[in-house]
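structure_5.pdb (PDB, C-alpha atoms, pLDDT in the B column) appears below.
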ATOM      1  CA  MET A   1      17.270   4.642 -22.548  1.00 60.00           C
ATOM      2  CA  ILE A   2      18.320   5.494 -19.007  1.00 71.00           C
ATOM      3  CA  GLN A   3      18.413   2.633 -16.523  1.00 81.00           C
ATOM      4  CA  MET A   4      15.838   3.281 -13.829  1.00 92.00           C
ATOM      5  CA  TYR A   5      15.580   1.794 -10.374  1.00 96.00           C
ATOM      6  CA  TYR A   6      12.575   1.371  -8.151  1.00 97.00           C
ATOM      7  CA  LYS A   7      12.063   1.885  -4.440  1.00 97.00           C
ATOM      8  CA  ILE A   8       9.438  -0.445  -3.000  1.00 97.00           C
ATOM      9  CA  PRO A   9       8.167  -1.417   0.461  1.00 96.00           C
ATOM     10  CA  PRO A  10       9.650  -4.458   2.233  1.00 96.00           C
ATOM     11  CA  VAL A  11       6.415  -6.486   2.126  1.00 95.00           C
ATOM     12  CA  TYR A  12       6.793  -7.059  -1.629  1.00 94.00           C
ATOM     13  CA  VAL A  13      10.492  -7.879  -1.417  1.00 95.00           C
ATOM     14  CA  GLU A  14       9.830 -10.371   1.376  1.00 95.00           C
ATOM     15  CA  SER A  15       6.950 -11.976  -0.550  1.00 93.00           C
ATOM     16  CA  LEU A  16       9.355 -12.594  -3.449  1.00 93.00           C
ATOM     17  CA  GLY A  17      11.993 -14.016  -1.082  1.00 95.00           C
ATOM     18  CA  LEU A  18      14.521 -11.333  -2.039  1.00 95.00           C
ATOM     19  CA  SER A  19      15.100  -9.526   1.265  1.00 93.00           C
ATOM     20  CA  LYS A  20      18.623 -10.980   1.589  1.00 95.00           C
ATOM     21  CA  THR A  21      19.443 -10.273  -2.055  1.00 95.00           C
ATOM     22  CA  LEU A  22      18.302  -6.678  -2.617  1.00 96.00           C
ATOM     23  CA  ILE A  23      19.799  -3.509  -1.169  1.00 95.00           C
ATOM     24  CA  GLN A  24      17.847  -1.934   1.671  1.00 96.00           C
ATOM     25  CA  PHE A  25      17.589   1.842   1.987  1.00 96.00           C
ATOM     26  CA  PRO A  26      18.134   3.509   5.377  1.00 94.00           C
ATOM     27  CA  ASP A  27      14.339   4.005   5.664  1.00 94.00           C
ATOM     28  CA  GLY A  28      13.710   0.234   5.414  1.00 95.00           C
ATOM     29  CA  ASN A  29      12.446   0.161   1.821  1.00 97.00           C
ATOM     30  CA  TYR A  30      14.280  -1.721  -0.932  1.00 97.00           C
ATOM     31  CA  LEU A  31      15.991  -0.965  -4.220  1.00 97.00           C
ATOM     32  CA  ALA A  32      14.502  -3.063  -7.010  1.00 97.00           C
ATOM     33  CA  SER A  33      15.531  -3.496 -10.626  1.00 95.00           C
ATOM     34  CA  ARG A  34      13.210  -3.674 -13.626  1.00 95.00           C
ATOM     35  CA  ALA A  35      13.538  -7.469 -13.546  1.00 94.00           C
ATOM     36  CA  VAL A  36      12.248  -7.573  -9.959  1.00 95.00           C
ATOM     37  CA  MET A  37       9.376  -5.261 -10.817  1.00 96.00           C
ATOM     38  CA  ALA A  38       8.459  -7.489 -13.776  1.00 95.00           C
ATOM     39  CA  ARG A  39       7.911 -10.332 -11.302  1.00 95.00           C
ATOM     40  CA  ILE A  40       5.233  -8.192  -9.644  1.00 95.00           C
ATOM     41  CA  ASP A  41       3.703  -7.101 -12.970  1.00 96.00           C
ATOM     42  CA  PRO A  42       5.177  -6.878 -16.487  1.00 96.00           C
ATOM     43  CA  ASP A  43       3.732  -3.360 -16.884  1.00 97.00           C
ATOM     44  CA  ILE A  44       5.983  -1.076 -14.811  1.00 95.00           C
ATOM     45  CA  ASP A  45       3.206   1.443 -14.156  1.00 95.00           C
ATOM     46  CA  VAL A  46       0.936  -1.304 -12.812  1.00 97.00           C
ATOM     47  CA  ALA A  47       3.782  -2.732 -10.697  1.00 97.00           C
ATOM     48  CA  LEU A  48       4.434   0.697  -9.189  1.00 96.00           C
ATOM     49  CA  GLN A  49       0.741   1.165  -8.494  1.00 96.00           C
ATOM     50  CA  LYS A  50       0.470  -2.275  -6.843  1.00 96.00           C
ATOM     51  CA  THR A  51       3.506  -1.744  -4.624  1.00 95.00           C
ATOM     52  CA  GLY A  52       3.166   1.952  -3.897  1.00 96.00           C
ATOM     53  CA  GLY A  53       6.744   2.268  -5.096  1.00 96.00           C
ATOM     54  CA  ILE A  54       8.530   5.061  -6.905  1.00 97.00           C
ATOM     55  CA  MET A  55      10.931   5.286  -9.828  1.00 97.00           C
ATOM     56  CA  LEU A  56      14.456   6.583  -9.173  1.00 97.00           C
ATOM     57  CA  THR A  57      17.276   7.601 -11.471  1.00 96.00           C
ATOM     58  CA  PRO A  58      20.634   5.947 -10.756  1.00 95.00           C
ATOM     59  CA  GLU A  59      21.779   9.177  -9.071  1.00 96.00           C
ATOM     60  CA  GLN A  60      18.685   9.358  -6.851  1.00 96.00           C
ATOM     61  CA  ALA A  61      19.086   5.710  -5.869  1.00 96.00           C
ATOM     62  CA  ARG A  62      22.745   6.278  -4.963  1.00 96.00           C
ATOM     63  CA  ASP A  63      21.987   9.429  -2.953  1.00 97.00           C
ATOM     64  CA  ASP A  64      19.177   7.691  -1.052  1.00 96.00           C
ATOM     65  CA  GLN A  65      21.428   4.712  -0.262  1.00 95.00           C
ATOM     66  CA  MET A  66      24.168   7.029   0.999  1.00 94.00           C
ATOM     67  CA  GLY A  67      21.772   9.119   3.085  1.00 93.00           C
ATOM     68  CA  ILE A  68      22.480  12.276   1.069  1.00 94.00           C
ATOM     69  CA  ALA A  69      18.821  12.538   0.051  1.00 95.00           C
ATOM     70  CA  SER A  70      15.634  10.735   0.952  1.00 94.00           C
ATOM     71  CA  TYR A  71      12.846   9.913  -1.455  1.00 96.00           C
ATOM     72  CA  PRO A  72       9.816   8.787   0.568  1.00 95.00           C
ATOM     73  CA  LEU A  73       7.193   6.491  -0.871  1.00 95.00           C
ATOM     74  CA  PRO A  74       3.716   8.001  -1.299  1.00 92.00           C
ATOM     75  CA  ALA A  75       2.386   5.941   1.638  1.00 84.00           C
ATOM     76  CA  ASP A  76       5.243   7.206   3.846  1.00 77.00           C
ATOM     77  CA  GLU A  77       4.409  10.796   2.930  1.00 67.00           C
ATOM     78  CA  GLU A  78       0.735  10.222   3.781  1.00 65.00           C
ATOM     79  CA  LYS A  79       1.669   8.781   7.195  1.00 61.00           C
ATOM     80  CA  SER A  80       3.944  11.739   7.873  1.00 56.00           C
ATOM     81  CA  THR A  81       1.247  14.252   6.914  1.00 53.00           C
ATOM     82  CA  HIS A  82      -1.380  12.407   8.951  1.00 46.00           C
ATOM     83  CA  ASN A  83       0.880  12.227  12.040  1.00 56.00           C
ATOM     84  CA  SER A  84       1.795  15.913  11.860  1.00 54.00           C
ATOM     85  CA  GLN A  85      -1.888  16.851  11.525  1.00 52.00           C
ATOM     86  CA  ARG A  86      -2.722  14.782  14.628  1.00 52.00           C
ATOM     87  CA  LYS A  87       0.033  16.503  16.616  1.00 54.00           C
ATOM     88  CA  THR A  88      -1.300  19.950  15.705  1.00 52.00           C
ATOM     89  CA  ASP A  89      -4.856  18.897  16.605  1.00 53.00           C
ATOM     90  CA  ASN A  90      -3.802  18.127  20.193  1.00 53.00           C
TER      91      ASN A  90
END

Once you've parsed the file, please lay out its structure as structure tokens.
Amino acid sequence: MIQMYYKIPPVYVESLGLSKTLIQFPDGNYLASRAVMARIDPDIDVALQKTGGIMLTPEQARDDQMGIASYPLPADEEKSTHNSQRKTDN
């Protein structure tokens, strides 16, 4: 089984008191392990749904940390789409 990592918004990391412990991505979101996600919900799919987070492979997590690639959260993508639609409406 491949070790997976999870990218979640800061609000959940802060609520768990882990903002000084976990690695922060350049976009302000955090890298969480399976153990951290289990504190949110033991079912990983439910935890991802609750947080609006995404699953990353070790390579994706590394590339996002290094700024080589960026993997936006679904909520971030929605904001980006909404903002670009507003700009074109003006």

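The nearest approach to Gly67 of chain A among the residues A:Gln24, A:Ser15, A:Gln3, A:Thr51, with all atoms listed in the file taken into account, belongs to A:Gln24.
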
Counting all atoms listed in the file, what is within 12 Å of Asp27 of chain A, bar same-chain residues fewer than 4 positions away, as a PyMOL selection string? chain A and resi 7-10+23+31+64-67+69-73+76

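One finds atom CA of Pro74 of chain A at 10.4 Å from atom CA of Gln49 of chain A.
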
Can you tell me, as a PyMOL selection string, what residues are no more than 7 Å from Thr57 of chain A when counting all atoms listed in the file, ignoring any on the same chain fewer than 2 positions away? chain A and resi 4-5+55+59-61

Could you take the residues named above and write them with C-alpha atoms, as a short mmCIF file (atom, residue, chain, number, x, y, z; two decimals), keeping the file's coordinate frame?
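The resulting file, out-v4.cif, is reproduced below:
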data_model
loop_
_atom_site.label_atom_id
_atom_site.label_comp_id
_atom_site.auth_asym_id
_atom_site.auth_seq_id
_atom_site.Cartn_x
_atom_site.Cartn_y
_atom_site.Cartn_z
CA MET A 4 15.84 3.28 -13.83
CA TYR A 5 15.58 1.79 -10.37
CA MET A 55 10.93 5.29 -9.83
CA GLU A 59 21.78 9.18 -9.07
CA GLN A 60 18.68 9.36 -6.85
CA ALA A 61 19.09 5.71 -5.87
#

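Minimum atom-to-atom distance to Ser33 of chain A, evaluated using all atoms listed in the file, belongs to A:Ala47 out of A:Ile68, A:Val11, A:Ala75, A:Ala47.
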
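Across the model, the gap from atom CA of Tyr6 of chain A to atom CA of Gly53 of chain A is 6.6 Å.
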
Measure the distance from atom CA of Asp63 of chain A to atom CA of Asp41 of chain A in Å and round it to one decimal. 26.6 Å

Report, as AutoDock Vina command-line options, the axis-aligned box around all atoms of segment 60-71 of chain A present in the file, extended by 4 Å on each side; give centre and edge lengths in Å to one decimal place.
--center_x 18.5 --center_y 8.6 --center_z -1.9 --size_x 19.3 --size_y 15.8 --size_z 17.9

Quick one: residues within 9 Å of Ile40 of chain A, only C-alpha atoms, excluding same-chain residues fewer than 6 positions away - as a PyMOL selection string? chain A and resi 12+16+46-48+50-51
